[in-house]
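To be precise, the following lines are work-v4.cif, and they hold mmCIF, C-alpha atoms and all ligand atoms.
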```
data_start
#
loop_
_atom_site.label_atom_id
_atom_site.label_comp_id
_atom_site.auth_asym_id
_atom_site.auth_seq_id
_atom_site.Cartn_x
_atom_site.Cartn_y
_atom_site.Cartn_z
CA VAL A 17 1.32 15.56 7.07
CA ARG A 18 2.49 15.83 3.48
CA THR A 19 -0.60 16.18 1.38
CA VAL A 20 -2.17 18.14 -1.46
CA LYS A 21 -5.17 20.36 -0.88
CA LYS A 22 -7.61 18.80 -3.33
CA VAL A 23 -7.57 15.04 -3.10
CA GLY A 24 -9.97 12.39 -4.33
CA ILE A 25 -9.91 9.05 -2.52
CA TYR A 26 -10.23 6.21 -5.03
CA GLY A 27 -12.32 3.57 -3.30
CA ALA A 28 -15.36 3.53 -1.05
CA GLY A 29 -14.71 0.47 1.09
CA GLY A 30 -13.00 -0.02 4.44
CA VAL A 31 -9.56 1.21 3.37
CA ALA A 32 -11.05 4.30 1.73
CA ARG A 33 -13.02 5.17 4.87
CA GLU A 34 -9.85 4.75 6.95
CA VAL A 35 -7.89 7.02 4.64
CA ALA A 36 -10.74 9.56 4.76
CA TRP A 37 -10.54 9.46 8.56
CA LEU A 38 -6.78 10.02 8.45
CA MET A 39 -6.95 12.86 5.94
CA GLY A 40 -10.02 14.71 7.16
CA ASP A 41 -9.85 17.14 4.24
CA PHE A 42 -10.54 15.77 0.75
CA VAL A 43 -13.03 16.48 -2.04
CA ALA A 44 -14.74 13.17 -2.80
CA PHE A 45 -14.63 9.39 -2.87
CA ILE A 46 -14.32 7.80 -6.31
CA ASP A 47 -16.10 4.51 -6.93
CA ASP A 48 -16.35 2.62 -10.23
CA ALA A 49 -19.88 1.56 -9.30
CA PRO A 50 -21.20 3.93 -6.62
CA LYS A 51 -23.86 2.37 -4.40
CA VAL A 52 -24.38 5.50 -2.30
CA SER A 53 -24.12 9.18 -3.24
CA GLU A 54 -22.46 10.25 0.02
CA LEU A 55 -20.08 8.77 2.58
CA ARG A 56 -18.75 10.43 5.74
CA GLY A 57 -20.34 13.67 4.53
CA LYS A 58 -18.49 13.68 1.15
CA PRO A 59 -19.81 12.89 -2.33
CA VAL A 60 -19.16 9.49 -3.87
CA LEU A 61 -18.47 10.10 -7.57
CA SER A 62 -17.97 7.77 -10.49
CA PHE A 63 -14.53 7.90 -12.09
CA ASN A 64 -15.84 9.88 -15.07
CA GLN A 65 -17.66 12.37 -12.85
CA PHE A 66 -14.54 12.90 -10.77
CA ALA A 67 -12.27 13.24 -13.82
CA SER A 68 -14.51 15.87 -15.40
CA LEU A 69 -15.26 17.84 -12.20
CA HIS A 70 -11.81 17.70 -10.57
CA GLN A 71 -9.05 17.61 -13.21
CA ASP A 72 -7.01 19.82 -10.88
CA ALA A 73 -7.24 17.35 -7.98
CA SER A 74 -4.87 14.52 -7.07
CA VAL A 75 -5.90 10.95 -6.39
CA LEU A 76 -5.02 8.59 -3.55
CA ILE A 77 -5.80 4.98 -4.33
CA ALA A 78 -7.30 3.41 -1.19
CA VAL A 79 -8.04 -0.20 -2.10
CA GLY A 80 -6.65 -3.20 -0.24
CA ASN A 81 -5.60 -5.32 -3.22
CA PRO A 82 -2.23 -4.63 -4.89
CA ARG A 83 -3.40 -5.82 -8.32
CA VAL A 84 -6.43 -3.53 -8.21
CA ARG A 85 -4.22 -0.66 -7.06
CA GLU A 86 -2.03 -1.15 -10.12
CA ARG A 87 -5.02 -1.23 -12.47
CA LEU A 88 -6.56 1.91 -10.95
CA ALA A 89 -3.25 3.78 -11.09
CA ALA A 90 -2.97 3.05 -14.81
CA LYS A 91 -6.54 4.25 -15.32
CA CYS A 92 -5.86 7.54 -13.49
CA LYS A 93 -2.66 8.11 -15.46
CA ALA A 94 -4.45 7.51 -18.76
CA ALA A 95 -7.05 10.12 -17.74
CA GLY A 96 -4.32 12.68 -16.98
CA LEU A 97 -4.92 12.68 -13.21
CA SER A 98 -2.03 13.14 -10.80
CA PHE A 99 -1.46 11.40 -7.48
CA ALA A 100 -1.28 12.61 -3.90
CA THR A 101 0.98 11.07 -1.25
CA TYR A 102 -0.03 10.78 2.39
CA VAL A 103 2.41 10.50 5.26
CA GLN A 104 0.79 10.75 8.69
CA SER A 105 2.22 13.59 10.73
CA ASP A 106 3.30 11.55 13.77
CA LEU A 107 5.81 9.57 11.72
CA LYS A 108 9.48 10.42 12.18
CA VAL A 109 10.68 10.10 8.61
CA ASP A 110 14.41 10.63 8.02
CA THR A 111 15.62 12.45 4.92
CA SER A 112 17.19 9.16 3.76
CA VAL A 113 13.71 7.64 3.47
CA THR A 114 12.02 8.17 0.10
CA VAL A 115 8.31 7.73 -0.45
CA GLY A 116 6.92 7.34 -3.98
CA GLU A 117 3.84 9.17 -5.21
CA GLY A 118 0.49 7.69 -4.31
CA SER A 119 1.78 5.96 -1.19
CA ILE A 120 -0.08 6.07 2.12
CA LEU A 121 1.76 5.76 5.42
CA TYR A 122 -0.71 5.41 8.28
CA HIS A 123 0.03 6.53 11.83
CA GLY A 124 2.10 4.67 14.41
CA SER A 125 4.83 3.03 12.33
CA THR A 126 8.60 3.34 12.67
CA PHE A 127 10.97 3.79 9.76
CA THR A 128 14.70 4.03 10.39
CA VAL A 129 17.20 5.00 7.68
CA ASP A 130 17.99 4.48 3.99
CA ILE A 131 14.61 3.12 3.06
CA GLN A 132 12.99 3.30 -0.39
CA ILE A 133 9.23 3.08 -0.57
CA GLY A 134 7.80 2.83 -4.09
CA GLN A 135 4.59 4.22 -5.60
CA HIS A 136 1.09 3.40 -4.33
CA VAL A 137 2.46 1.47 -1.37
CA GLN A 138 0.28 1.22 1.73
CA ILE A 139 1.82 0.85 5.18
CA ASN A 140 -0.77 0.27 7.89
CA PRO A 141 -0.46 1.23 11.57
CA GLY A 142 2.15 -0.24 13.85
CA CYS A 143 4.73 -1.46 11.34
CA THR A 144 8.50 -1.29 11.82
CA VAL A 145 10.76 -1.00 8.80
CA GLY A 146 14.52 -1.27 9.28
CA HIS A 147 17.54 0.15 7.47
CA ASP A 148 18.20 -0.45 3.77
CA VAL A 149 14.75 -1.82 3.05
CA ARG A 150 13.19 -1.42 -0.40
CA ILE A 151 9.46 -1.78 -0.88
CA ALA A 152 8.34 -1.80 -4.52
CA ASP A 153 5.17 -0.32 -6.03
CA TYR A 154 1.63 -1.36 -4.95
CA THR A 155 2.83 -3.44 -2.00
CA ILE A 156 0.76 -3.46 1.20
CA LEU A 157 1.99 -4.05 4.74
CA ALA A 158 -0.98 -4.91 6.99
CA PRO A 159 -0.94 -3.66 10.61
CA GLY A 160 1.94 -4.66 12.85
CA VAL A 161 4.34 -5.99 10.22
CA SER A 162 8.06 -5.97 11.12
CA VAL A 163 10.66 -5.83 8.38
CA GLY A 164 14.33 -6.26 9.32
CA GLY A 165 17.23 -4.47 7.64
CA ASN A 166 18.48 -5.27 4.12
CA VAL A 167 15.19 -6.61 2.84
CA GLN A 168 13.84 -6.04 -0.69
CA ILE A 169 10.10 -6.53 -1.09
CA GLY A 170 8.92 -6.81 -4.71
CA LYS A 171 6.01 -5.21 -6.52
CA GLY A 172 2.46 -5.98 -5.42
CA VAL A 173 3.35 -8.03 -2.36
CA TRP A 174 0.73 -8.41 0.37
CA VAL A 175 2.06 -8.93 3.90
CA GLY A 176 -0.54 -10.06 6.49
CA THR A 177 -1.05 -8.67 9.98
CA GLY A 178 1.77 -9.19 12.45
CA ALA A 179 4.10 -10.95 10.01
CA THR A 180 7.84 -10.66 10.57
CA ILE A 181 10.48 -10.63 7.85
CA ILE A 182 13.94 -11.14 9.31
CA ASN A 183 16.92 -9.17 8.05
CA GLY A 184 19.13 -9.91 5.08
CA THR A 185 22.71 -8.69 4.76
CA PRO A 186 24.24 -5.93 2.61
CA GLU A 187 25.89 -8.64 0.48
CA GLN A 188 22.76 -10.77 0.29
CA PRO A 189 19.51 -8.92 0.94
CA LEU A 190 16.49 -11.04 1.80
CA THR A 191 14.12 -10.75 -1.18
CA VAL A 192 10.36 -11.25 -1.47
CA GLY A 193 9.26 -11.87 -5.06
CA ALA A 194 6.60 -9.77 -6.77
CA GLY A 195 2.95 -10.70 -6.25
CA THR A 196 3.63 -12.91 -3.24
CA VAL A 197 1.28 -13.08 -0.24
CA ILE A 198 2.57 -13.63 3.30
CA GLY A 199 -0.08 -14.87 5.76
CA ALA A 200 -0.86 -13.16 9.05
CA GLY A 201 1.60 -14.02 11.79
CA ALA A 202 4.18 -15.61 9.49
CA CYS A 203 7.90 -15.38 10.20
CA VAL A 204 9.86 -15.13 6.98
CA VAL A 205 13.42 -16.41 7.49
CA GLY A 206 14.71 -16.49 3.90
CA SER A 207 14.05 -15.15 0.42
CA LEU A 208 10.65 -15.93 -1.13
CA GLU A 209 9.63 -16.64 -4.72
CA SER A 210 7.23 -14.49 -6.76
CA ASN A 211 3.46 -15.07 -6.95
CA CYS A 212 3.22 -17.57 -4.10
CA LEU A 213 1.49 -17.83 -0.72
CA TYR A 214 3.70 -18.39 2.31
CA VAL A 215 2.35 -19.00 5.83
CA GLY A 216 3.53 -20.06 9.27
CA VAL A 217 6.55 -19.90 11.53
CA PRO A 218 8.93 -20.29 9.85
CA ALA A 219 7.03 -19.31 6.69
CA VAL A 220 6.67 -22.13 4.16
CA LEU A 221 5.34 -22.22 0.62
CA LYS A 222 1.62 -23.03 0.69
CA LYS A 223 0.60 -22.45 -2.92
CA ARG A 224 1.55 -20.85 -6.23
CA TYR A 225 -0.78 -18.38 -7.90
CA ALA A 226 -1.80 -19.02 -11.49
CA THR A 227 -1.61 -15.39 -12.63
CA GLU A 228 1.58 -13.40 -12.54
CA LEU A 229 1.69 -9.84 -11.37
C1 LIG A 301 -3.09 -16.22 3.85
C2 LIG A 301 -4.47 -15.67 3.66
C3 LIG A 301 -4.40 -14.43 2.79
C4 LIG A 301 -5.44 -16.67 3.10
O1 LIG A 301 -5.17 -16.96 1.78
P1 LIG A 301 -6.08 -18.00 0.99
O2 LIG A 301 -5.50 -18.04 -0.37
O3 LIG A 301 -7.53 -17.67 1.13
O4 LIG A 301 -5.72 -19.33 1.73
P2 LIG A 301 -6.64 -20.38 2.46
O5 LIG A 301 -7.51 -19.71 3.49
O6 LIG A 301 -7.24 -21.23 1.43
O7 LIG A 301 -5.54 -21.20 3.25
C5 LIG A 301 -4.60 -22.00 2.60
C6 LIG A 301 -3.87 -22.79 3.66
O8 LIG A 301 -3.05 -21.91 4.42
C7 LIG A 301 -3.42 -21.95 5.82
N1 LIG A 301 -3.34 -20.59 6.31
C8 LIG A 301 -4.00 -19.50 5.84
N2 LIG A 301 -3.62 -18.40 6.48
C9 LIG A 301 -2.71 -18.79 7.39
C10 LIG A 301 -1.94 -18.09 8.37
N3 LIG A 301 -2.05 -16.76 8.48
N4 LIG A 301 -1.07 -18.79 9.11
C11 LIG A 301 -0.94 -20.14 8.97
N5 LIG A 301 -1.64 -20.85 8.05
C12 LIG A 301 -2.51 -20.19 7.29
C13 LIG A 301 -4.84 -22.50 5.85
O9 LIG A 301 -5.10 -23.10 7.08
C14 LIG A 301 -4.78 -23.47 4.69
O10 LIG A 301 -4.08 -24.61 5.13
P3 LIG A 301 -4.45 -26.11 4.57
O11 LIG A 301 -4.26 -26.03 3.07
O12 LIG A 301 -3.43 -26.97 5.24
O13 LIG A 301 -5.86 -26.34 4.99
C15 LIG A 301 -5.11 -15.34 5.01
O14 LIG A 301 -5.32 -16.51 5.76
C16 LIG A 301 -4.31 -14.38 5.85
O15 LIG A 301 -3.42 -14.71 6.63
N6 LIG A 301 -4.70 -13.14 5.69
C17 LIG A 301 -4.14 -12.04 6.41
C18 LIG A 301 -5.26 -11.20 6.95
C19 LIG A 301 -4.78 -9.87 7.36
O16 LIG A 301 -3.66 -9.70 7.83
N7 LIG A 301 -5.59 -8.86 7.15
C20 LIG A 301 -5.22 -7.51 7.43
C21 LIG A 301 -6.14 -6.57 6.76
S1 LIG A 301 -5.48 -4.93 6.81
#
```

Hey, can you dump this file as structure tokens for me?
Amino acid sequence: VRTVKKVGIYGAGGVAREVAWLMGDFVAFIDDAPKVSELRGKPVLSFNQFASLHQDASVLIAVGNPRVRERLAAKCKAAGLSFATYVQSDLKVDTSVTVGEGSILYHGSTFTVDIQIGQHVQINPGCTVGHDVRIADYTILAPGVSVGGNVQIGKGVWVGTGATIINGTPEQPLTVGAGTVIGAGACVVGSLESNCLYVGVPAVLKKRYATEL
């Protein structure tokens, strides 16, 4: 497990409780509007409380929405807080795999070689990520997602449970545009546009989102 001793988990919902369970050792949850003062035996602090009490701690953003993750990361940076990175100890991570700060790699996934994982990415249990894959900042892979080789996933993409993205080629990687959502169980067989919803097997365009990431 690659981690920093003093970590604050930003969030107090389901993802935050999962990350707390994975980490075991952390100082507090951070919640913009705390509803409880304690969770899993740890204090739940407002952002300002955390920033004043724990300037020396690092933050892990544990929120299941890429756009919110981006906003919270900017807020932490502006307050001078640094970020932790969490890679679960059972993962066999090759030296050719890079993991950006703030990212969380849950247990039970497989990563092969020459993979770049950006900042504040979240990879849930049971994913497989093939060679020469790039995953940009804030993107989330839900449980059981399979990504073939030579795939480039843009910033803030949300990939639903059990989705498959087939491989691209070195000459023509398969690309998923920033801000796109891929529904649970979809099979992506070609490059996808930005800020759209794709569902089904094979995955087809279902709608375009009004706001850009
Ligand atoms: C795609 C998803 C995000 C829903 O997005 P949404 O914007 O709320 O979309 P809607 O529910 O309005 O559905 C839009 C259309 O897509 C269809 N659709 C939604 N999800 C679908 C899926 N996974 N597969 C196939 N079709 C799907 C709906 O039936 C609807 O079709 P219609 O317009 O013909 O009636 C959601 O259905 C999904 O798949 N979520 C993944 C959940 C998950 O993996 N969670 C893991 C948590 S870690």

Could you give me, as a tab-separated table, every chain A residue with an atom at most 9 Å from ligand LIG 301 (chain A), plus its closest atom pair and distance in Å to one decimal, counting all atoms listed in the file, rows ordered by chain then number?
```
residue	atom	partner	partner_atom	distance
A:Val31	CA	A:LIG301	S1	8.1
A:Gly80	CA	A:LIG301	S1	7.4
A:Asn140	CA	A:LIG301	S1	7.1
A:Ile156	CA	A:LIG301	S1	8.5
A:Leu157	CA	A:LIG301	S1	7.8
A:Ala158	CA	A:LIG301	S1	4.5
A:Pro159	CA	A:LIG301	S1	6.1
A:Trp174	CA	A:LIG301	C3	8.3
A:Val175	CA	A:LIG301	O16	7.0
A:Gly176	CA	A:LIG301	O16	3.4
A:Thr177	CA	A:LIG301	O16	3.5
A:Gly178	CA	A:LIG301	O16	7.1
A:Ala179	CA	A:LIG301	O16	8.2
A:Val197	CA	A:LIG301	C3	6.6
A:Ile198	CA	A:LIG301	C1	6.2
A:Gly199	CA	A:LIG301	O15	3.5
A:Ala200	CA	A:LIG301	N3	3.8
A:Gly201	CA	A:LIG301	N3	5.6
A:Ala202	CA	A:LIG301	N4	6.1
A:Leu213	CA	A:LIG301	C1	6.7
A:Tyr214	CA	A:LIG301	C1	7.3
A:Val215	CA	A:LIG301	C11	4.7
A:Gly216	CA	A:LIG301	C11	4.5
A:Val217	CA	A:LIG301	C11	7.9
A:Ala219	CA	A:LIG301	C11	8.3
A:Lys222	CA	A:LIG301	O8	6.1
A:Lys223	CA	A:LIG301	C5	7.6
A:Tyr225	CA	A:LIG301	O2	8.9
```

Output file for the selection above: C-alpha atoms, as a PDB file, keeping the file's coordinate frame:
```pdb
ATOM      1  CA  VAL A  31      -9.560   1.210   3.370  1.00  0.00           C
ATOM      2  CA  GLY A  80      -6.650  -3.200  -0.240  1.00  0.00           C
ATOM      3  CA  ASN A 140      -0.770   0.270   7.890  1.00  0.00           C
ATOM      4  CA  ILE A 156       0.760  -3.460   1.200  1.00  0.00           C
ATOM      5  CA  LEU A 157       1.990  -4.050   4.740  1.00  0.00           C
ATOM      6  CA  ALA A 158      -0.980  -4.910   6.990  1.00  0.00           C
ATOM      7  CA  PRO A 159      -0.940  -3.660  10.610  1.00  0.00           C
ATOM      8  CA  TRP A 174       0.730  -8.410   0.370  1.00  0.00           C
ATOM      9  CA  VAL A 175       2.060  -8.930   3.900  1.00  0.00           C
ATOM     10  CA  GLY A 176      -0.540 -10.060   6.490  1.00  0.00           C
ATOM     11  CA  THR A 177      -1.050  -8.670   9.980  1.00  0.00           C
ATOM     12  CA  GLY A 178       1.770  -9.190  12.450  1.00  0.00           C
ATOM     13  CA  ALA A 179       4.100 -10.950  10.010  1.00  0.00           C
ATOM     14  CA  VAL A 197       1.280 -13.080  -0.240  1.00  0.00           C
ATOM     15  CA  ILE A 198       2.570 -13.630   3.300  1.00  0.00           C
ATOM     16  CA  GLY A 199      -0.080 -14.870   5.760  1.00  0.00           C
ATOM     17  CA  ALA A 200      -0.860 -13.160   9.050  1.00  0.00           C
ATOM     18  CA  GLY A 201       1.600 -14.020  11.790  1.00  0.00           C
ATOM     19  CA  ALA A 202       4.180 -15.610   9.490  1.00  0.00           C
ATOM     20  CA  LEU A 213       1.490 -17.830  -0.720  1.00  0.00           C
ATOM     21  CA  TYR A 214       3.700 -18.390   2.310  1.00  0.00           C
ATOM     22  CA  VAL A 215       2.350 -19.000   5.830  1.00  0.00           C
ATOM     23  CA  GLY A 216       3.530 -20.060   9.270  1.00  0.00           C
ATOM     24  CA  VAL A 217       6.550 -19.900  11.530  1.00  0.00           C
ATOM     25  CA  ALA A 219       7.030 -19.310   6.690  1.00  0.00           C
ATOM     26  CA  LYS A 222       1.620 -23.030   0.690  1.00  0.00           C
ATOM     27  CA  LYS A 223       0.600 -22.450  -2.920  1.00  0.00           C
ATOM     28  CA  TYR A 225      -0.780 -18.380  -7.900  1.00  0.00           C
TER      29      TYR A 225
END
```

Work out how far apart atom CA of A:Gly170 and atom CA of A:Lys91 are and give it in Å to one decimal.
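Pair atom CA of A:Gly170 / atom CA of A:Lys91 returns 21.8 Å.
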
request  = Can you pull out every residue within 12 Å of A:Ser68, counting only C-alpha atoms, but drop anything in the same chain fewer than 5 positions away, and send it as a VMD selection string?
outcome  = chain A and resid 61 to 63 73 95 to 97

Separating atom CA of A:Ala44 from atom CA of A:Leu107, to the nearest tenth of an Å, is a gap of 25.4 Å

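Our summary of the geometry notes that atom CA of A:Pro218 is positioned 17.4 Å from atom CA of A:Gly160.
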
Could you give me the centre and size, in Å to one decimal, of an axis-aligned box around all listed atoms of stretch 54-57 of chain A with 6 Å added on every side, as AutoDock Vina command-line options?
```
--center_x -20.6 --center_y 11.2 --center_z 2.9 --size_x 15.7 --size_y 16.9 --size_z 17.7
```

From the options A:Ala78, A:Ile133, A:Val192, A:Ile46, which residue's atoms come nearest to A:Arg33, counting all atoms listed in the file?
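That would be A:Ala78, the residue with the smallest distance to A:Arg33.
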
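Among the candidate residues A:Pro82, A:Gly142, A:Gly24, A:Gly206, the one lying nearest to A:Gln168 is A:Gly206, with distances computed using only C-alpha atoms.
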
For this session: For A:Gly193, please output as a list in words all residues within 6 Å (counting all atoms listed in the file; exclusion window: fewer than 5 positions along the same chain).
Result: Gly170, Leu208, Glu209 and Ser210 of chain A

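In terms of minimum interatomic distance to A:Val129, A:Gly165 ranks closest within A:Thr155, A:Pro141, A:Gly165, A:Ile77, counting all atoms listed in the file.
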
Check: Which neighbours of A:Asn81 fall inside 9 Å, counting only C-alpha atoms, when residues of the same chain fewer than 2 positions from it are skipped, and could you give them as a PyMOL selection string?
Finding: chain A and resi 79+83-86+154-156+172+174

**Sel. within 10 Å of pt (19.5, -9.7, 4.3), counting only C-alpha atoms, output as a VMD selection string** = chain A and resid 148 to 149 164 to 168 181 to 191 205 to 207

| request: Would you mind listing what lies within 6 Å of A:Cys143 as a VMD selection string, with only C-alpha atoms counted and same-chain residues fewer than 5 positions away left out? | output: chain A and resid 125 160 to 162

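Comparing the minimum interatomic distances between A:Gly27 and each of A:Val145, A:Val173, A:Ile151, A:Ala89, counting all atoms listed in the file, we find that A:Ala89 sits nearest.
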
| request: Just give me the residues with any atom within 8 Å of (-8.9, 11.3, -5.0), file coordinates, counting only C-alpha atoms, written as a PyMOL selection string. | output: chain A and resi 22-26+42-46+73-77+99-100
